[in-house]
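Student: Take a look at the following structure, please.
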Amino acid sequence: MTTPCPIIAISGGVGGAKLARGLASVVGASDLMVVANVGDDFEHLGLAICPDIDSLLYGLSERNDEARGWGRRDESWNFMAALAELNGSEAWFNLGDRDLAVHLERTRRLRAGESLSTITSDFARAFGIAARVLPVTDDRLSTIVVTDRGEMPFQQYFVAERCEPKVCDFRFEGAKEARVTPDVAESLRRGAGAIVVCPSNPFISVDPILAVPEFLNLLRGSAAPIVAVSPIVGGMALKGPAAKMLIERGRECSALGIARHYQGLIDGIVIDQVDEYLAEPIRALGIAVSVEATIMKTDSDKTNLARRTLAFSENIRQGKKAE
């Protein structure tokens, strides 16, 4: 049986991992559960690749390469160089030598019948991570990007096509049939102190998680405040194609656009200081607003944002009690 989890974070990859690290510092890693996106997962060269889970594992264990923005620190690329000599057409998705070990061991254990959540938990322990890092589901869930060039699996759009096609819509194959990871479901039913939607891409990192009906129902039934941190600052995404996707889908590329995207689910949103002028329009949506420094360049930035986000969540909780 699991124990109650005071803080539950919903996260995609790199941006979510930064805030998750800050949350672990503030509340104590053992009091944190991070629910990871699996819509990016795919098979390549016969290996099970889980980019967002691995970004969380590397970020929480300080193995991430902050200079490059993805993957492991002190990585080497001998495998990719050797592969390119044999079959350059299969070298479109970079797998570092250290990273490759994770994919190989994950694939071996999946084929032996173990669940992704069990494997991920074991990897987290091996990396010295006290927080629980779990996929939203152990079942297959794949993000399909509907573009002006046709439908594409996410990694084809993101890596092979370099996000160039115009995005028209998204589909999440397998989401309706997916079952929530048991420990995630139990923690949500037992109650959380706060639920934080990390500053991850809303379309490709958070929406695949919310597309699992059981998970969304558990969120809606939770008494915990749900607070999002905007991944859009000053009309721009700090990393990745979130801004491009908002514009191409006819949405406002701003913190207000993010608030509208999550309207009906979140109780509050944290926006950056440069977007303070959007606070009142967001409040008009019935969403509470906290204006903070949201760009996380240092560990201190991560910790400060996490602390202020949780304080904001607690203020929302107290406000609900007073109603």
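Identifiers in the structure tokens: chain A, B, ... in order shown; residue index from 1 per chain; ligand index from 1 in order shown.
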If we count only C-alpha atoms, what is near segment 111-127 of chain A at a cut-off of 12 Å, once residues fewer than 6 positions away on the same chain are taken out, given as an MDAnalysis selection string?
Tutor: chainID A and resid 29:30 33:38 41 46:50 52:64 101:105 133:140 180:184
Student: Just want the 6 Å neighbourhood of segment 7-9 of chain A, counted on only C-alpha atoms, with same-chain residues fewer than 5 positions away dropped. Output as a ChimeraX atom specification.
Tutor: /A:32-34,192-197
Student: What does the file look like for those residues with C-alpha atoms, as a PDB file, in the first residue's frame?
Tutor:
```pdb
ATOM      1  CA  LEU A  32       6.655  14.309  -4.001  1.00  0.00           C
ATOM      2  CA  MET A  33       5.081  12.246  -6.757  1.00  0.00           C
ATOM      3  CA  VAL A  34       5.731  13.232 -10.367  1.00  0.00           C
ATOM      4  CA  ALA A 192      -2.826  15.552  -1.982  1.00  0.00           C
ATOM      5  CA  GLY A 193      -1.718  18.811  -0.464  1.00  0.00           C
ATOM      6  CA  ALA A 194      -1.382  20.365  -3.897  1.00  0.00           C
ATOM      7  CA  ILE A 195      -1.467  19.367  -7.553  1.00  0.00           C
ATOM      8  CA  VAL A 196       0.982  21.301  -9.711  1.00  0.00           C
ATOM      9  CA  VAL A 197       0.860  21.361 -13.510  1.00  0.00           C
TER      10      VAL A 197
END
```
Student: Show me, as JSON lines, the residues of segment 65-116 of chain A having an atom within 12 Å of segment 216-240 of chain A, each with the closest atom pair and its distance in Å, using only C-alpha atoms.
Tutor:
```
{"residue": "A:Arg68", "atom": "CA", "partner": "A:Lys239", "partner_atom": "CA", "distance": 11.6}
{"residue": "A:Gly69", "atom": "CA", "partner": "A:Lys239", "partner_atom": "CA", "distance": 8.7}
{"residue": "A:Trp70", "atom": "CA", "partner": "A:Lys239", "partner_atom": "CA", "distance": 10.6}
```
Student: For the selection you just gave me, I'd like the residues written to a file as a compact mmCIF listing (two decimals), in the first residue's frame, keeping N, CA and C atoms.
Tutor:
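Resulting contents of result_2.txt:
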```txt
# COMPACT_ATOMS: atom_id res chain seq x y z
N ARG A 68 23.19 21.52 -23.22
CA ARG A 68 22.53 21.07 -24.44
C ARG A 68 21.02 21.19 -24.33
N GLY A 69 20.50 21.05 -23.11
CA GLY A 69 19.07 21.18 -22.90
C GLY A 69 18.32 19.87 -22.90
N TRP A 70 18.98 18.78 -23.14
CA TRP A 70 18.34 17.46 -23.11
C TRP A 70 19.43 16.39 -22.93
```
Student: Could you tell me, as a PyMOL selection string, which residues of segment 20-133 of chain A DSSP assigns to alpha helix (DSSP H) when given the backbone?
Tutor: chain A and resi 20-27+51-60+78-86+97-111+116-126
Student: One number please: atom CA of Asp169 of chain A to atom CA of Val146 of chain A, in Å, one decimal.
Tutor: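 So the two atoms, atom CA of Asp169 of chain A and atom CA of Val146 of chain A, lie 4.9 Å apart.
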Student: Using DSSP secondary structure from the backbone, list all strand (DSSP E or B) positions within segment 26-265 of chain A, as a VMD selection string.
Tutor: chain A and resid 32 to 36 42 to 44 47 to 49 64 72 132 to 135 137 142 to 148 150 to 153 167 to 173 180 194 to 197 226 to 229 232 to 233 236 to 237
Student: Write the residues you've just listed into a file as a short mmCIF file (atom, residue, chain, number, x, y, z; two decimals), in the first residue's frame, and include N, CA and C atoms for each of them.
Tutor:
```cif
data_model
loop_
_atom_site.label_atom_id
_atom_site.label_comp_id
_atom_site.auth_asym_id
_atom_site.auth_seq_id
_atom_site.Cartn_x
_atom_site.Cartn_y
_atom_site.Cartn_z
N LEU A 32 6.99 13.87 -2.65
CA LEU A 32 6.66 14.31 -4.00
C LEU A 32 6.41 13.12 -4.92
N MET A 33 5.32 13.19 -5.67
CA MET A 33 5.08 12.25 -6.76
C MET A 33 5.00 13.03 -8.05
N VAL A 34 5.76 12.60 -9.06
CA VAL A 34 5.73 13.23 -10.37
C VAL A 34 5.08 12.28 -11.35
N VAL A 35 3.98 12.71 -11.94
CA VAL A 35 3.25 11.91 -12.93
C VAL A 35 3.75 12.33 -14.31
N ALA A 36 4.33 11.39 -15.03
CA ALA A 36 5.04 11.70 -16.27
C ALA A 36 4.21 11.38 -17.51
N PHE A 42 8.19 5.85 -27.73
CA PHE A 42 8.13 5.13 -29.00
C PHE A 42 9.22 4.08 -29.02
N GLU A 43 9.18 3.24 -30.06
CA GLU A 43 10.20 2.22 -30.22
C GLU A 43 11.13 2.63 -31.35
N HIS A 44 12.43 2.56 -31.09
CA HIS A 44 13.43 2.91 -32.09
C HIS A 44 14.57 1.92 -31.99
N LEU A 47 14.22 -0.58 -29.38
CA LEU A 47 14.33 -0.17 -27.98
C LEU A 47 13.13 0.68 -27.56
N ALA A 48 12.72 0.54 -26.31
CA ALA A 48 11.63 1.34 -25.75
C ALA A 48 12.21 2.65 -25.24
N ILE A 49 11.85 3.75 -25.92
CA ILE A 49 12.38 5.07 -25.59
C ILE A 49 11.28 5.87 -24.88
N ASN A 64 21.34 15.51 -15.84
CA ASN A 64 20.93 16.15 -17.09
C ASN A 64 22.00 17.08 -17.64
N ARG A 72 21.79 13.29 -21.13
CA ARG A 72 22.65 13.15 -19.95
C ARG A 72 23.91 13.99 -20.07
N ARG A 132 8.84 9.89 -6.01
CA ARG A 132 8.26 8.86 -6.85
C ARG A 132 8.02 9.43 -8.25
N VAL A 133 8.64 8.82 -9.23
CA VAL A 133 8.45 9.21 -10.63
C VAL A 133 7.71 8.07 -11.30
N LEU A 134 6.50 8.36 -11.80
CA LEU A 134 5.65 7.31 -12.35
C LEU A 134 5.00 7.75 -13.65
N PRO A 135 4.90 6.86 -14.63
CA PRO A 135 4.12 7.17 -15.83
C PRO A 135 2.65 7.26 -15.47
N THR A 137 0.30 6.03 -17.03
CA THR A 137 -0.27 4.72 -17.32
C THR A 137 0.83 3.76 -17.73
N SER A 142 -0.01 6.99 -27.32
CA SER A 142 0.87 7.61 -28.30
C SER A 142 0.28 8.91 -28.81
N THR A 143 1.08 9.96 -28.81
CA THR A 143 0.67 11.25 -29.36
C THR A 143 0.87 11.24 -30.88
N ILE A 144 -0.22 11.55 -31.58
CA ILE A 144 -0.19 11.67 -33.04
C ILE A 144 -0.43 13.14 -33.38
N VAL A 145 0.45 13.72 -34.16
CA VAL A 145 0.33 15.11 -34.55
C VAL A 145 -0.35 15.17 -35.92
N VAL A 146 -1.47 15.88 -35.98
CA VAL A 146 -2.18 16.07 -37.24
C VAL A 146 -1.64 17.36 -37.86
N THR A 147 -0.99 17.25 -39.01
CA THR A 147 -0.34 18.39 -39.63
C THR A 147 -0.87 18.64 -41.04
N ASP A 148 -0.41 19.72 -41.64
CA ASP A 148 -0.81 20.01 -43.02
C ASP A 148 -0.14 19.06 -44.01
N GLY A 150 -0.20 15.72 -43.21
CA GLY A 150 -0.75 14.44 -42.78
C GLY A 150 -0.45 14.15 -41.33
N GLU A 151 -0.90 13.00 -40.84
CA GLU A 151 -0.68 12.60 -39.45
C GLU A 151 0.71 12.02 -39.28
N MET A 152 1.33 12.35 -38.15
CA MET A 152 2.68 11.88 -37.87
C MET A 152 2.79 11.45 -36.41
N PRO A 153 3.49 10.34 -36.14
CA PRO A 153 3.85 10.05 -34.75
C PRO A 153 4.67 11.21 -34.21
N VAL A 167 0.82 22.56 -37.43
CA VAL A 167 0.01 21.69 -36.57
C VAL A 167 -1.45 22.07 -36.68
N CYS A 168 -2.29 21.07 -36.96
CA CYS A 168 -3.73 21.28 -37.05
C CYS A 168 -4.46 20.73 -35.83
N ASP A 169 -3.97 19.63 -35.28
CA ASP A 169 -4.65 18.99 -34.14
C ASP A 169 -3.74 17.91 -33.57
N PHE A 170 -4.23 17.25 -32.53
CA PHE A 170 -3.51 16.15 -31.90
C PHE A 170 -4.49 15.01 -31.62
N ARG A 171 -4.00 13.80 -31.70
CA ARG A 171 -4.75 12.63 -31.24
C ARG A 171 -3.87 11.86 -30.26
N PHE A 172 -4.51 11.22 -29.30
CA PHE A 172 -3.78 10.46 -28.30
C PHE A 172 -4.26 9.01 -28.35
N GLU A 173 -3.59 8.25 -29.19
CA GLU A 173 -4.00 6.86 -29.40
C GLU A 173 -3.84 6.05 -28.12
N VAL A 180 -5.01 4.15 -15.31
CA VAL A 180 -4.05 4.93 -14.55
C VAL A 180 -3.15 4.00 -13.75
N ALA A 194 -1.30 19.49 -2.73
CA ALA A 194 -1.38 20.37 -3.90
C ALA A 194 -1.13 19.53 -5.14
N ILE A 195 -1.72 19.97 -6.25
CA ILE A 195 -1.47 19.37 -7.55
C ILE A 195 -0.92 20.48 -8.43
N VAL A 196 0.29 20.27 -8.94
CA VAL A 196 0.98 21.30 -9.71
C VAL A 196 1.14 20.83 -11.15
N VAL A 197 0.63 21.62 -12.09
CA VAL A 197 0.86 21.36 -13.51
C VAL A 197 2.13 22.12 -13.89
N ILE A 226 -5.48 22.88 -7.71
CA ILE A 226 -4.72 22.55 -8.92
C ILE A 226 -4.16 23.86 -9.47
N VAL A 227 -2.85 23.96 -9.50
CA VAL A 227 -2.18 25.19 -9.92
C VAL A 227 -1.24 24.87 -11.07
N ALA A 228 -1.32 25.65 -12.15
CA ALA A 228 -0.42 25.51 -13.28
C ALA A 228 0.63 26.61 -13.25
N VAL A 229 1.78 26.30 -13.82
CA VAL A 229 2.82 27.31 -14.03
C VAL A 229 2.94 27.50 -15.54
N ILE A 232 4.69 29.80 -21.07
CA ILE A 232 4.84 30.92 -21.99
C ILE A 232 5.18 32.17 -21.18
N VAL A 233 6.30 32.81 -21.53
CA VAL A 233 6.76 34.02 -20.83
C VAL A 233 6.99 35.12 -21.87
N MET A 236 6.52 34.06 -25.50
CA MET A 236 7.44 33.08 -26.08
C MET A 236 7.56 31.85 -25.19
N ALA A 237 7.83 30.72 -25.83
CA ALA A 237 8.13 29.51 -25.08
C ALA A 237 9.61 29.52 -24.74
#
```
Student: Please provide the set of residues having any atom within 9 Å of Asp97 of chain A, restricted to only C-alpha atoms, with same-chain residues fewer than 6 positions apart removed, written as a list of chain:residue names.
Tutor: A:Glu75, A:Ser76, A:Trp77, A:Asn78, A:Phe79, A:Met80
Student: Dump C-alpha atoms for the selected residues as a PDB file, in the first residue's frame?
Tutor:
```pdb
ATOM      1  CA  GLU A  75      27.526  11.950 -22.715  1.00  0.00           C
ATOM      2  CA  SER A  76      29.485  10.263 -25.497  1.00  0.00           C
ATOM      3  CA  TRP A  77      28.267   9.342 -28.983  1.00  0.00           C
ATOM      4  CA  ASN A  78      30.311   6.341 -30.103  1.00  0.00           C
ATOM      5  CA  PHE A  79      27.205   4.227 -30.699  1.00  0.00           C
ATOM      6  CA  MET A  80      25.625   6.839 -32.968  1.00  0.00           C
TER       7      MET A  80
END
```
Student: Set the distance at 10 Å and use only C-alpha atoms: which residues neighbour Leu246 of chain A once local chain neighbours fewer than 3 positions away are removed? I'd like the list as a list in words.
Tutor: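 The residues that qualify are Val167, Asn201, Pro202, Phe203, Pro241, Ala242, Ala243, Arg249, Gly250, Arg251, Glu252, Cys253, Ser254, Gly257, Ile258 and His261 of chain A.
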Student: Any chance you could export the current selection's C-alpha atoms as a CSV table (one decimal), in the first residue's frame?
Tutor:
```
chain,number,residue,atom,x,y,z
A,167,VAL,CA,0.0,21.7,-36.6
A,201,ASN,CA,4.0,22.1,-23.3
A,202,PRO,CA,0.2,21.9,-22.8
A,203,PHE,CA,-0.5,20.2,-26.0
A,241,PRO,CA,7.4,24.4,-30.0
A,242,ALA,CA,4.7,25.5,-27.5
A,243,ALA,CA,4.4,29.0,-29.0
A,249,ARG,CA,-4.0,26.4,-33.6
A,250,GLY,CA,-5.4,29.9,-33.5
A,251,ARG,CA,-4.8,30.4,-29.7
A,252,GLU,CA,-3.4,33.4,-28.1
A,253,CYS,CA,0.4,32.9,-27.5
A,254,SER,CA,0.5,34.2,-23.9
A,257,GLY,CA,-3.8,31.6,-23.7
A,258,ILE,CA,-2.4,29.0,-21.3
A,261,HIS,CA,-6.4,26.2,-22.3
```
